[in-house]
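So this block is entry-v8.pdb, PDB, C-alpha atoms:
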MODEL        1
ATOM      1  CA  MET A  11      18.212 -42.952   0.064
ATOM      2  CA  ALA A  12      18.351 -45.457  -2.795
ATOM      3  CA  VAL A  13      14.858 -46.626  -3.739
ATOM      4  CA  ARG A  14      13.372 -49.171  -6.146
ATOM      5  CA  HIS A  15       9.687 -49.315  -6.935
ATOM      6  CA  ILE A  16       7.077 -50.976  -9.080
ATOM      7  CA  LEU A  17       4.187 -48.660  -9.963
ATOM      8  CA  ILE A  18       0.765 -50.173 -10.501
ATOM      9  CA  ALA A  19      -0.890 -47.164 -12.108
ATOM     10  CA  SER A  20      -4.505 -46.155 -11.565
ATOM     11  CA  ALA A  21      -6.373 -42.876 -11.686
ATOM     12  CA  PRO A  22      -7.143 -41.339  -8.268
ATOM     13  CA  ASP A  23     -10.878 -41.216  -8.997
ATOM     14  CA  ASP A  24     -11.204 -44.774 -10.366
ATOM     15  CA  ILE A  25     -12.089 -46.737  -7.223
ATOM     16  CA  GLU A  26     -12.340 -50.082  -9.003
ATOM     17  CA  ALA A  27      -8.917 -49.675 -10.645
ATOM     18  CA  ARG A  28      -7.463 -48.532  -7.303
ATOM     19  CA  ASP A  29      -8.750 -51.667  -5.590
ATOM     20  CA  GLN A  30      -7.394 -53.893  -8.364
ATOM     21  CA  GLY A  31      -4.075 -52.052  -8.264
ATOM     22  CA  ARG A  32      -3.709 -52.570  -4.522
ATOM     23  CA  GLU A  33      -4.491 -56.263  -4.923
ATOM     24  CA  GLU A  34      -1.934 -56.597  -7.724
ATOM     25  CA  ALA A  35       0.697 -54.767  -5.651
ATOM     26  CA  GLU A  36       0.021 -57.080  -2.685
ATOM     27  CA  ASN A  37       0.468 -60.122  -4.944
ATOM     28  CA  ILE A  38       3.789 -58.754  -6.221
ATOM     29  CA  ILE A  39       4.940 -58.249  -2.623
ATOM     30  CA  LYS A  40       4.044 -61.891  -1.855
ATOM     31  CA  CYS A  41       6.158 -62.992  -4.831
ATOM     32  CA  LEU A  42       9.051 -60.794  -3.719
ATOM     33  CA  LYS A  43       8.985 -62.174  -0.173
ATOM     34  CA  GLU A  44       9.595 -65.625  -1.661
ATOM     35  CA  GLN A  45      11.934 -64.537  -4.489
ATOM     36  CA  PRO A  46      13.530 -61.169  -3.557
ATOM     37  CA  HIS A  47      15.933 -61.321  -6.518
ATOM     38  CA  ASP A  48      12.991 -61.074  -8.953
ATOM     39  CA  PHE A  49      12.432 -57.345  -8.326
ATOM     40  CA  SER A  50      13.940 -56.249 -11.652
ATOM     41  CA  ALA A  51      11.991 -58.816 -13.676
ATOM     42  CA  LEU A  52       8.727 -57.957 -11.912
ATOM     43  CA  ALA A  53       9.358 -54.238 -12.399
ATOM     44  CA  LEU A  54       9.865 -54.792 -16.118
ATOM     45  CA  SER A  55       6.666 -56.858 -16.356
ATOM     46  CA  TYR A  56       4.314 -54.834 -14.156
ATOM     47  CA  SER A  57       5.549 -51.282 -13.550
ATOM     48  CA  ALA A  58       3.939 -48.343 -15.335
ATOM     49  CA  CYS A  59       6.988 -46.186 -14.557
ATOM     50  CA  GLU A  60       9.865 -45.742 -16.999
ATOM     51  CA  SER A  61      12.200 -46.812 -14.191
ATOM     52  CA  LYS A  62      11.121 -50.377 -15.035
ATOM     53  CA  HIS A  63      13.909 -50.398 -17.635
ATOM     54  CA  GLN A  64      16.402 -49.931 -14.798
ATOM     55  CA  GLY A  65      14.884 -52.643 -12.613
ATOM     56  CA  GLY A  66      12.629 -50.113 -10.865
ATOM     57  CA  GLN A  67      15.611 -48.090  -9.641
ATOM     58  CA  LEU A  68      14.765 -44.490  -8.818
ATOM     59  CA  GLY A  69      18.359 -43.912  -7.771
ATOM     60  CA  GLN A  70      19.384 -41.730  -4.877
ATOM     61  CA  ILE A  71      16.416 -39.543  -4.007
ATOM     62  CA  SER A  72      16.191 -36.759  -1.493
ATOM     63  CA  LYS A  73      13.497 -34.473  -0.190
ATOM     64  CA  GLY A  74      11.477 -32.790  -2.929
ATOM     65  CA  GLN A  75      12.382 -35.171  -5.762
ATOM     66  CA  THR A  76       9.166 -37.205  -5.626
ATOM     67  CA  VAL A  77       5.513 -36.363  -4.977
ATOM     68  CA  ALA A  78       4.840 -35.371  -1.381
ATOM     69  CA  GLU A  79       2.487 -38.220  -0.507
ATOM     70  CA  PHE A  80       5.027 -40.817  -1.683
ATOM     71  CA  GLU A  81       7.928 -39.068   0.005
ATOM     72  CA  ARG A  82       6.079 -38.820   3.335
ATOM     73  CA  GLN A  83       5.484 -42.555   3.397
ATOM     74  CA  ILE A  84       8.985 -43.705   2.434
ATOM     75  CA  LYS A  85      11.115 -41.254   4.402
ATOM     76  CA  ASP A  86      11.363 -43.381   7.550
ATOM     77  CA  LEU A  87      11.162 -46.865   6.042
ATOM     78  CA  PRO A  88      13.928 -49.274   7.007
ATOM     79  CA  ILE A  89      16.202 -50.842   4.418
ATOM     80  CA  GLY A  90      14.537 -53.711   2.564
ATOM     81  CA  LEU A  91      11.209 -54.531   0.951
ATOM     82  CA  HIS A  92       8.230 -52.667   2.401
ATOM     83  CA  LEU A  93       5.541 -55.266   3.060
ATOM     84  CA  THR A  94       2.517 -53.130   2.185
ATOM     85  CA  PRO A  95       1.860 -51.140  -0.991
ATOM     86  CA  ILE A  96       2.263 -47.370  -0.821
ATOM     87  CA  GLU A  97      -0.419 -45.203  -2.378
ATOM     88  CA  SER A  98       0.194 -42.007  -4.335
ATOM     89  CA  ARG A  99      -1.753 -39.977  -6.872
ATOM     90  CA  TYR A 100      -0.311 -42.267  -9.566
ATOM     91  CA  GLY A 101      -1.469 -45.549  -8.049
ATOM     92  CA  TRP A 102       0.172 -48.162  -5.823
ATOM     93  CA  HIS A 103       3.905 -48.624  -5.357
ATOM     94  CA  VAL A 104       5.794 -51.726  -4.309
ATOM     95  CA  VAL A 105       8.850 -50.212  -2.617
ATOM     96  CA  SER A 106      12.255 -51.462  -1.610
ATOM     97  CA  ILE A 107      14.750 -49.228   0.183
ATOM     98  CA  ASP A 108      18.208 -50.356  -0.906
ATOM     99  CA  ASP A 109      20.357 -47.889   0.998
ATOM    100  CA  ARG A 110      19.968 -45.007   3.382
ATOM    101  CA  VAL A 111      22.619 -42.363   3.959
ATOM    102  CA  GLU A 112      21.599 -39.665   6.368
ATOM    103  CA  GLY A 113      23.219 -36.323   5.700
ATOM    104  CA  ASP A 114      24.774 -33.975   8.210
ATOM    105  CA  GLN A 115      24.244 -30.254   8.319
ATOM    106  CA  LEU A 116      27.342 -28.605   6.945
ATOM    107  CA  PRO A 117      28.942 -25.624   8.660
ATOM    108  CA  TYR A 118      28.309 -22.229   7.073
ATOM    109  CA  GLU A 119      31.933 -21.830   6.012
ATOM    110  CA  ALA A 120      31.682 -25.019   3.928
ATOM    111  CA  VAL A 121      28.657 -23.779   1.966
ATOM    112  CA  LYS A 122      29.265 -20.034   1.994
ATOM    113  CA  THR A 123      30.659 -19.931  -1.559
ATOM    114  CA  HIS A 124      27.834 -22.079  -2.938
ATOM    115  CA  ILE A 125      25.162 -19.924  -1.266
ATOM    116  CA  HIS A 126      26.809 -16.763  -2.595
ATOM    117  CA  GLN A 127      26.874 -18.219  -6.121
ATOM    118  CA  MET A 128      23.205 -19.331  -5.958
ATOM    119  CA  LEU A 129      22.056 -15.913  -4.730
ATOM    120  CA  HIS A 130      24.155 -14.119  -7.339
ATOM    121  CA  GLU A 131      22.716 -16.287 -10.148
ATOM    122  CA  SER A 132      19.172 -15.763  -8.872
ATOM    123  CA  VAL A 133      19.548 -11.969  -8.848
ATOM    124  CA  THR A 134      21.231 -12.009 -12.267
ATOM    125  CA  ARG A 135      18.368 -14.051 -13.770
ATOM    126  CA  ARG A 136      15.763 -11.716 -12.258
ATOM    127  CA  CYS A 137      17.579  -8.638 -13.560
ATOM    128  CA  LEU A 138      17.929 -10.097 -17.054
ATOM    129  CA  LYS A 139      14.246 -11.029 -17.103
ATOM    130  CA  GLN A 140      13.270  -7.480 -16.115
ATOM    131  CA  TYR A 141      15.632  -6.024 -18.708
ATOM    132  CA  ILE A 142      14.084  -8.171 -21.454
ATOM    133  CA  GLN A 143      10.610  -7.157 -20.286
ATOM    134  CA  VAL A 144      11.561  -3.476 -20.485
ATOM    135  CA  LEU A 145      13.027  -3.948 -23.967
ATOM    136  CA  ALA A 146       9.890  -5.803 -25.101
ATOM    137  CA  THR A 147       7.674  -3.026 -23.758
ATOM    138  CA  GLU A 148       9.741  -0.290 -25.397
ATOM    139  CA  ALA A 149       9.887  -2.201 -28.699
ATOM    140  CA  ASN A 150       6.116  -2.645 -28.648
ATOM    141  CA  VAL A 151       6.362  -6.381 -29.351
ATOM    142  CA  VAL A 152       2.964  -7.796 -30.320
ATOM    143  CA  GLY A 153       1.725 -11.332 -30.893
ATOM    144  CA  ILE A 154       3.807 -12.887 -28.140
ATOM    145  CA  ASP A 155       3.472 -12.558 -24.388
ATOM    146  CA  MET A 156       6.816 -11.424 -23.035
ATOM    147  CA  GLY A 157       5.413 -11.128 -19.512
ATOM    148  CA  GLN A 158       5.755  -7.355 -19.501
ATOM    149  CA  GLY A 159       2.190  -6.543 -18.351
ATOM    150  CA  GLU A 160       0.791  -3.049 -18.212
ATOM    151  CA  SER A 161       2.470  -1.930 -15.000
ATOM    152  CA  PRO A 162       5.749  -0.012 -15.094
ATOM    153  CA  LEU A 163       6.699  -1.797 -11.857
ATOM    154  CA  MET A 164       8.771  -4.916 -12.288
ATOM    155  CA  GLN A 165       9.002  -7.904  -9.957
TER     156      GLN A 165
ENDMDL
END
So, in terms of structure tokens, how does the structure I just supplied come out?
Amino acid sequence: MAVRHILIASAPDDIEARDQGREEAENIIKCLKEQPHDFSALALSYSACESKHQGGQLGQISKGQTVAEFERQIKDLPIGLHLTPIESRYGWHVVSIDDRVEGDQLPYEAVKTHIHQMLHESVTRRCLKQYIQVLATEANVVGIDMGQGESPLMQ
């Protein structure tokens, strides 16, 4: 889904700042209901996220690309401006869903090569890491943690 947001930042344990942040986010939503084309300008003025330089655009996001509490709340939102602020560990978000493209599960044959490549790369990385750990242990490297530990068993 394509998402835009304006982050009103506040620490999770600062109740006063949280309350002020929610109020500010609600005021921004009121402005956007009247002037929806002002999202980019408001993001630049109010957002604490670096996406403010792109009009609040987070781009196409999918599962696992944002913090869980934010993702849970936006996953089923309809296209358009969400009329209540969304809370996360970073503060309050004014959110607009610009586009939603639901994916289909691909057949195994279509992803077989990609899965094989990912598994091969994963095993290769693990083997190289173990090899470097063995070399570091045998070379008696000191002053830097090479992750070799004391055990002869490797993971």
Stretch 52-64 of chain A, all listed atoms, 6 Å padding on each side: what axis-aligned box centre and edge lengths in Å to one decimal come out, as lines of an AutoDock Vina configuration file?
center_x = 10.2
center_y = -51.8
center_z = -14.8
size_x = 24.5
size_y = 24.2
size_z = 17.7
Review point. So, counting only C-alpha atoms, which residue among A:Asp108, A:Met11, A:Tyr118, A:Val133 is closest to A:Glu81?
Key: A:Met11
Point to revise | Atomic separation - atom CA of A:Ala78 relative to atom CA of A:Tyr100, Å | key: 11.9 Å
Practice item. For A:Glu79, list every protein, DNA or RNA residue within 10 Å, evaluated using all atoms listed in the file, and leave out those in the same chain fewer than 2 positions away; present the list as a VMD selection string. Key: chain A and resid 76 to 77 81 to 84 96 to 99
Review point. Do you have the atom CA of A:His63-atom CA of A:Ala51 distance handy?
Key: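 Distance between the two atoms: 9.5 Å.
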Practice item. List the residues selected by the PyMOL selection byres ((chain A and resi 39) around 9) in the file shown, writing them as a list in words. Key: Glu34, Ala35, Glu36, Asn37, Ile38, Lys40, Cys41, Leu42, Lys43, Glu44, Leu91, His92, Leu93, Thr94, Pro95, Val104 and Val105 of chain A
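With distances taken over all atoms listed in the file, A:Asp155 is the one residue among A:Asp155, A:Gly74, A:Glu131, A:Gln115 lying closest to A:Gln143.
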**Study point:** Of the listed residues A:Phe49, A:Tyr141, A:Tyr56, A:Trp102, that which approaches A:Arg14 most closely, counting all atoms listed in the file
**Key:** A:Phe49
Practice item. Tell me, in Å to one decimal, how far atom CA of A:Leu145 is from atom CA of A:Gln127. Key: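 So the answer is 26.7 Å.
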**Study point:** Contacts of A:Ser50 at 7 Å (only C-alpha atoms; same-chain gap of 4+ positions) as a PyMOL selection string
**Key:** chain A and resi 54+65-66
Study note, to complete from the structure: If you count only C-alpha atoms, the residue of A:Cys59, A:Ala149, A:Leu52, A:Leu68 closest to A:Gly101 turns out to be A:Cys59
Exercise for review: Name the closest residue to A:Gln67 among the candidates A:Val13, A:Ala19, A:Ala120, A:Val152; distances are taken between atoms, counting only C-alpha atoms.
Suggested key: A:Val13
Stretch 90-111 of chain A rebuilt with N, CA and C atoms, output as a tab-separated table (two decimals), in the coordinates of the input:
chain	number	residue	atom	x	y	z
A	90	GLY	N	15.18	-52.45	2.92
A	90	GLY	CA	14.54	-53.71	2.56
A	90	GLY	C	13.20	-53.48	1.90
A	91	LEU	N	12.52	-54.57	1.60
A	91	LEU	CA	11.21	-54.53	0.95
A	91	LEU	C	10.16	-54.09	1.95
A	92	HIS	N	9.35	-53.10	1.56
A	92	HIS	CA	8.23	-52.67	2.40
A	92	HIS	C	7.08	-53.63	2.14
A	93	LEU	N	6.49	-54.16	3.20
A	93	LEU	CA	5.54	-55.27	3.06
A	93	LEU	C	4.11	-54.86	2.77
A	94	THR	N	3.85	-53.58	2.61
A	94	THR	CA	2.52	-53.13	2.18
A	94	THR	C	2.69	-52.12	1.05
A	95	PRO	N	1.76	-52.11	0.11
A	95	PRO	CA	1.86	-51.14	-0.99
A	95	PRO	C	1.71	-49.71	-0.47
A	96	ILE	N	2.34	-48.79	-1.17
A	96	ILE	CA	2.26	-47.37	-0.82
A	96	ILE	C	1.45	-46.67	-1.89
A	97	GLU	N	0.48	-45.88	-1.44
A	97	GLU	CA	-0.42	-45.20	-2.38
A	97	GLU	C	0.07	-43.79	-2.67
A	98	SER	N	-0.07	-43.39	-3.93
A	98	SER	CA	0.19	-42.01	-4.34
A	98	SER	C	-0.86	-41.63	-5.36
A	99	ARG	N	-0.79	-40.42	-5.86
A	99	ARG	CA	-1.75	-39.98	-6.87
A	99	ARG	C	-1.65	-40.80	-8.16
A	100	TYR	N	-0.53	-41.49	-8.35
A	100	TYR	CA	-0.31	-42.27	-9.57
A	100	TYR	C	-0.79	-43.71	-9.46
A	101	GLY	N	-1.04	-44.17	-8.26
A	101	GLY	CA	-1.47	-45.55	-8.05
A	101	GLY	C	-0.80	-46.14	-6.83
A	102	TRP	N	-0.45	-47.43	-6.93
A	102	TRP	CA	0.17	-48.16	-5.82
A	102	TRP	C	1.62	-48.49	-6.17
A	103	HIS	N	2.48	-48.37	-5.17
A	103	HIS	CA	3.90	-48.62	-5.36
A	103	HIS	C	4.34	-49.79	-4.47
A	104	VAL	N	5.06	-50.71	-5.07
A	104	VAL	CA	5.79	-51.73	-4.31
A	104	VAL	C	7.18	-51.12	-4.14
A	105	VAL	N	7.63	-50.98	-2.88
A	105	VAL	CA	8.85	-50.21	-2.62
A	105	VAL	C	9.89	-51.05	-1.88
A	106	SER	N	11.12	-50.88	-2.31
A	106	SER	CA	12.26	-51.46	-1.61
A	106	SER	C	13.29	-50.36	-1.39
A	107	ILE	N	13.69	-50.18	-0.16
A	107	ILE	CA	14.75	-49.23	0.18
A	107	ILE	C	16.06	-50.01	0.15
A	108	ASP	N	16.95	-49.63	-0.74
A	108	ASP	CA	18.21	-50.36	-0.91
A	108	ASP	C	19.33	-49.80	-0.04
A	109	ASP	N	19.28	-48.51	0.23
A	109	ASP	CA	20.36	-47.89	1.00
A	109	ASP	C	19.84	-46.60	1.60
A	110	ARG	N	20.36	-46.25	2.73
A	110	ARG	CA	19.97	-45.01	3.38
A	110	ARG	C	21.23	-44.34	3.92
A	111	VAL	N	21.47	-43.13	3.47
A	111	VAL	CA	22.62	-42.36	3.96
A	111	VAL	C	22.07	-41.04	4.47
